[in-house]
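Asks: Quick one: structure below, then a few questions.
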Amino acid sequence: MMASTIFNDCSSCILPFNKIQLRFLHLGRSVVHFRINVYPIKPCITPTQAASLTTTFAMPSEPSAKVIDGKLVAKQIRDEITSEISKMKEAVGINPGLAVVLVGDRKDSAIYVQNKKKACDTVGIISRESLLPEDCTEEEVLKCISEYNKDPSIHGILVQLPLPQHLNEENILNAVNIDKDVDGFHPLNIGRLAMRGREPLFVPCTPKGCIELLHRYNISIKGKRAVVIGRSNIVGMPAALLLQREDATVSIIHSRTENPEEITREADIIISAVGQPNMVRGSWIKPGAVIIDVGINPVEDSKSRRGYRLVGDVCYEEACKIASAITPVPGGVGPMTIAMLLSNTLTSAKRVYNFV
Ligand SMILES: Nc1nc2c(c(=O)[nH]1)N[C@@H](CN(C=O)c1ccc(C(=O)N[C@@H](CCC(=O)O)C(=O)O)cc1)CN2
Ligand SMILES: [Mg+2]
């Protein structure tokens, strides 16, 4: 029996082995699980044979999950923001202002910054950009942030992440005025998010977008078992904090978690933000669970014009047959990130002008 690769495409990773499918499951860098899943695909295996195998997992054949359309919701939110900004402009004569600091020449970061600028233009937020070279010093970045901190026409400041290796992310994020911290990454905002009875001024955009999707699709969170996969400062950790603020019972899975699939199988809601293509298989999911997939992972695809396509952390083809609702990738959580940034920037400007 030979299989040595960690496969990234859940449809292509199935190795027919007699009537059994053999898979390797990989979590983060450190844990490799080995399981045998037996799916009753067409004439390969009869229901009786499947029932006799202890590791049997019956995969329904048709997609049944509702698709949570982040692209559509993000558009609705942009429309709402556009109308609020035009009212604010009428009342106080001011448009909100957002400053974006981009260091270095990562292609993906440049595209995100470009998309943020376009989104600002659409809703009536005035955006400014500072593009600093890859080899700039920490002092240069801090100086740039300090100028925006003092500028009254700027209500939100964000530093596009990740930063080049030589820069100290903590020092740089700490330098953003907490009142303009529309990314919600300042330690005071994160600290308040973690404390009962305290309110952060801003909540990080991607986790906020995940919760907003649940709200707008009337998916209840209170009392539910939620599992967050990944514990990054940008997504996993604040997502877990937000879910517990909504009265979910929250578990966090990370690269050292043993038997993660046993934990996810208990979850009513899964938020996955781990950056491992198709890691969460159908067999990890409780029937009827809600799946919010934050992963945006490029996988090779010779049929695609770009030579790759984007997939999530969750194997969509399997999950959509088991979950009750699921976000696609692309078009799920991604567009909500920028919509929430616009929303945080508007909130900041409204606070300055006492506009409700
Ligand atoms: N300062 C920040 N840095 C980063 C953040 C952030 O919120 N603040 N998040 C990510 C990048 N990001 C925004 O900055 C971002 C990522 C993805 C998308 C998005 O819409 N993705 C699309 C797919 C896009 C494609 O086709 O390539 C989708 O999922 O549908 C928006 C924003 C890291 N850095
Ligand atoms: Mg998405």
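A note on labels: chains of the structure tokens are A, B, ... as shown, every chain counts residues from 1, and ligands are counted from 1 in their shown order.
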Return as a ChimeraX atom specification every polymer residue, whether protein, DNA or RNA, with at least one atom no more than 8 Å from an atom of ligand 2; count only C-alpha atoms and all ligand atoms.
Replies: /A:70,293-296,312,327-335
Asks: Using C-alpha atoms, can you export the residues from the last selection as a CSV table (one decimal), in the first residue's frame?
Replies:
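Saved as part-v1.csv:
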chain,number,residue,atom,x,y,z
A,70,GLY,CA,-20.3,36.8,1.0
A,293,ASP,CA,-14.1,29.0,5.6
A,294,VAL,CA,-11.6,31.8,5.9
A,295,GLY,CA,-8.8,30.0,4.0
A,296,ILE,CA,-7.8,31.4,0.6
A,312,GLY,CA,-10.5,27.0,1.2
A,327,THR,CA,-19.2,29.9,2.6
A,328,PRO,CA,-17.5,29.3,-0.8
A,329,VAL,CA,-14.0,30.3,-1.7
A,330,PRO,CA,-13.7,32.6,-3.4
A,331,GLY,CA,-16.8,34.7,-2.8
A,332,GLY,CA,-17.4,33.9,0.9
A,333,VAL,CA,-15.5,35.6,3.7
A,334,GLY,CA,-12.9,37.4,1.5
A,335,PRO,CA,-15.2,40.1,0.2
Asks: Would you pick out the contacts of A:Gly93 at 12 Å or less, using only C-alpha atoms, so that residues sharing its chain but fewer than 3 positions from it are not included, and give the list as a PyMOL selection string?
Replies: chain A and resi 85-90+96+153+349-350+353+355
Asks: Go ahead and write the selection's residues with N, CA and C atoms as a CSV table (one decimal), in the first residue's frame.
Replies:
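Saved to out-v3.csv:
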chain,number,residue,atom,x,y,z
A,85,ILE,N,-22.9,57.4,4.3
A,85,ILE,CA,-21.9,58.5,4.1
A,85,ILE,C,-22.5,59.7,3.4
A,86,SER,N,-23.5,59.5,2.5
A,86,SER,CA,-24.0,60.6,1.8
A,86,SER,C,-24.9,61.4,2.8
A,87,LYS,N,-25.5,60.8,3.8
A,87,LYS,CA,-26.2,61.5,4.9
A,87,LYS,C,-25.3,62.3,5.7
A,88,MET,N,-24.2,61.6,6.1
A,88,MET,CA,-23.2,62.3,6.9
A,88,MET,C,-22.6,63.5,6.2
A,89,LYS,N,-22.3,63.3,5.0
A,89,LYS,CA,-21.7,64.4,4.2
A,89,LYS,C,-22.7,65.6,4.2
A,90,GLU,N,-23.9,65.3,4.0
A,90,GLU,CA,-25.0,66.4,4.0
A,90,GLU,C,-25.0,67.1,5.4
A,96,PRO,N,-15.5,60.4,5.2
A,96,PRO,CA,-14.5,59.6,6.0
A,96,PRO,C,-13.2,59.5,5.2
A,153,SER,N,-8.1,64.7,8.7
A,153,SER,CA,-9.0,64.2,7.6
A,153,SER,C,-8.9,62.7,7.5
A,349,ALA,N,-15.3,57.8,11.7
A,349,ALA,CA,-15.6,59.2,11.3
A,349,ALA,C,-16.9,59.7,12.0
A,350,LYS,N,-17.9,58.8,12.2
A,350,LYS,CA,-19.1,59.2,12.9
A,350,LYS,C,-18.8,59.5,14.3
A,353,TYR,N,-17.4,63.1,14.6
A,353,TYR,CA,-18.4,64.2,14.3
A,353,TYR,C,-19.7,64.0,15.1
A,355,PHE,N,-21.9,61.9,14.9
A,355,PHE,CA,-23.0,61.7,13.9
A,355,PHE,C,-23.6,60.3,14.2
Asks: Give me, as a list in words, all polymer residues having an atom no more than 10 Å from A:Pro162, counting only C-alpha atoms and skipping those fewer than 5 positions away in the same chain.
Replies: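 So, after excluding close chain neighbours, the residues are Leu102, Val103, Gly104, Arg106, Ser109, Leu167 and Glu169 of chain A.
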Asks: If you keep N, CA and C atoms, can you produce a file of those selected residues as a PDB file, in the first residue's frame?
Replies:
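Contents of the output file out06.pdb:
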ATOM      1  N   LEU A 102       1.459  50.500   2.853  1.00  0.00           N
ATOM      2  CA  LEU A 102       1.909  49.229   2.254  1.00  0.00           C
ATOM      3  C   LEU A 102       3.437  49.251   2.173  1.00  0.00           C
ATOM      4  N   VAL A 103       4.057  48.273   2.807  1.00  0.00           N
ATOM      5  CA  VAL A 103       5.523  48.187   2.780  1.00  0.00           C
ATOM      6  C   VAL A 103       5.933  46.981   1.932  1.00  0.00           C
ATOM      7  N   GLY A 104       6.809  47.251   0.940  1.00  0.00           N
ATOM      8  CA  GLY A 104       7.347  46.149   0.141  1.00  0.00           C
ATOM      9  C   GLY A 104       6.544  45.895  -1.111  1.00  0.00           C
ATOM     10  N   ARG A 106       5.005  42.766  -2.212  1.00  0.00           N
ATOM     11  CA  ARG A 106       4.232  41.519  -2.355  1.00  0.00           C
ATOM     12  C   ARG A 106       3.063  41.787  -3.297  1.00  0.00           C
ATOM     13  N   SER A 109      -0.478  41.556  -1.551  1.00  0.00           N
ATOM     14  CA  SER A 109      -0.772  42.724  -0.714  1.00  0.00           C
ATOM     15  C   SER A 109      -1.120  43.931  -1.582  1.00  0.00           C
ATOM     16  N   LEU A 167      11.023  44.074   9.897  1.00  0.00           N
ATOM     17  CA  LEU A 167      10.253  45.074  10.649  1.00  0.00           C
ATOM     18  C   LEU A 167       9.531  44.419  11.826  1.00  0.00           C
ATOM     19  N   GLU A 169       6.499  43.939  13.756  1.00  0.00           N
ATOM     20  CA  GLU A 169       5.053  44.141  13.561  1.00  0.00           C
ATOM     21  C   GLU A 169       4.393  44.743  14.808  1.00  0.00           C
TER      22      GLU A 169
END
Asks: Within 7 Å of stretch 263-272 of chain A, which residues of stretch 147-258 of chain A come that close, and what is the closest atom pair and distance in Å for each? Count only C-alpha atoms and give it as JSON lines.
Replies:
{"residue": "A:Lys224", "atom": "CA", "partner": "A:Asp268", "partner_atom": "CA", "distance": 6.0}
{"residue": "A:Arg225", "atom": "CA", "partner": "A:Ala267", "partner_atom": "CA", "distance": 5.1}
{"residue": "A:Ala226", "atom": "CA", "partner": "A:Ile269", "partner_atom": "CA", "distance": 4.6}
{"residue": "A:Val227", "atom": "CA", "partner": "A:Ile270", "partner_atom": "CA", "distance": 4.9}
{"residue": "A:Val228", "atom": "CA", "partner": "A:Ile271", "partner_atom": "CA", "distance": 4.8}
{"residue": "A:Ile229", "atom": "CA", "partner": "A:Ser272", "partner_atom": "CA", "distance": 4.6}
{"residue": "A:Gly230", "atom": "CA", "partner": "A:Ser272", "partner_atom": "CA", "distance": 6.6}
Asks: Write the residues of the preceding selection, restricted to N, CA and C atoms, as a PDB file, in the first residue's frame.
Replies:
ATOM      1  N   LYS A 224     -24.439  27.674  21.093  1.00  0.00           N
ATOM      2  CA  LYS A 224     -23.967  26.671  20.120  1.00  0.00           C
ATOM      3  C   LYS A 224     -22.496  26.303  20.397  1.00  0.00           C
ATOM      4  N   ARG A 225     -22.134  25.100  19.981  1.00  0.00           N
ATOM      5  CA  ARG A 225     -20.726  24.702  20.062  1.00  0.00           C
ATOM      6  C   ARG A 225     -20.006  25.184  18.820  1.00  0.00           C
ATOM      7  N   ALA A 226     -18.997  26.020  19.026  1.00  0.00           N
ATOM      8  CA  ALA A 226     -18.253  26.556  17.881  1.00  0.00           C
ATOM      9  C   ALA A 226     -16.798  26.107  17.978  1.00  0.00           C
ATOM     10  N   VAL A 227     -16.236  25.770  16.842  1.00  0.00           N
ATOM     11  CA  VAL A 227     -14.819  25.411  16.798  1.00  0.00           C
ATOM     12  C   VAL A 227     -14.118  26.348  15.822  1.00  0.00           C
ATOM     13  N   VAL A 228     -13.038  26.969  16.288  1.00  0.00           N
ATOM     14  CA  VAL A 228     -12.217  27.809  15.418  1.00  0.00           C
ATOM     15  C   VAL A 228     -10.936  27.032  15.130  1.00  0.00           C
ATOM     16  N   ILE A 229     -10.614  26.896  13.859  1.00  0.00           N
ATOM     17  CA  ILE A 229      -9.382  26.196  13.489  1.00  0.00           C
ATOM     18  C   ILE A 229      -8.356  27.249  13.102  1.00  0.00           C
ATOM     19  N   GLY A 230      -7.274  27.319  13.883  1.00  0.00           N
ATOM     20  CA  GLY A 230      -6.246  28.348  13.674  1.00  0.00           C
ATOM     21  C   GLY A 230      -6.315  29.371  14.799  1.00  0.00           C
TER      22      GLY A 230
END
Asks: List every residue of stretch 135-163 of chain A that has an atom at most 12 Å from any atom of stretch 111-118 of chain A, giving for each one its closest atom pair and the distance in Å to one decimal, counting only C-alpha atoms, sorted by chain and then by ascending residue number, as a Markdown table.
Replies:
| residue | atom | partner | partner_atom | distance |
| --- | --- | --- | --- | --- |
| A:Leu158 | CA | A:Val113 | CA | 10.0 |
| A:Val159 | CA | A:Val113 | CA | 9.8 |
| A:Gln160 | CA | A:Val113 | CA | 7.4 |
| A:Leu161 | CA | A:Tyr112 | CA | 10.1 |
| A:Pro162 | CA | A:Tyr112 | CA | 11.7 |
Asks: Let's have the selection written as a PDB file, in the first residue's frame, with C-alpha atoms.
Replies:
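New file selection-v2.pdb:
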ATOM      1  CA  LEU A 158      -4.157  50.412   8.422  1.00  0.00           C
ATOM      2  CA  VAL A 159      -0.819  48.786   7.813  1.00  0.00           C
ATOM      3  CA  GLN A 160      -1.152  46.010   5.255  1.00  0.00           C
ATOM      4  CA  LEU A 161       0.134  42.675   6.599  1.00  0.00           C
ATOM      5  CA  PRO A 162       2.357  40.757   6.409  1.00  0.00           C
TER       6      PRO A 162
END
Asks: When DSSP works through the backbone of this structure, what residues of stretch 122-320 of chain A end up as strand (DSSP E or B), shown as JSON, numbers by chain?
Replies: {"A": [126, 127, 128, 129, 130, 131, 132, 156, 157, 158, 159, 225, 226, 227, 228, 229, 249, 250, 251, 252, 253, 269, 270, 271, 272, 280, 290, 291, 292, 293, 297, 298, 299, 300, 308, 309, 310, 311, 314]}
Asks: Pick the closest to A:Ile292 from A:Thr206, A:Ser83, A:Gln276, A:Asn344: which is it, counting only C-alpha atoms?
Replies: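 Among the listed residues, the smallest separation from A:Ile292 belongs to A:Thr206.
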Asks: Can you pull out the residues contacting A:Glu147? Cut-off 12 Å, using only C-alpha atoms, and skip same-chain residues under 5 positions away; I want them as a PyMOL selection string.
Replies: chain A and resi 99+101+130+140-142+152-154+157+175-177
Asks: Smallest atom-to-atom distance to ligand 1: which of A:Asp105, A:Glu258, A:Asp313, A:Asp183, using only C-alpha atoms and all ligand atoms?
Replies: A:Asp183
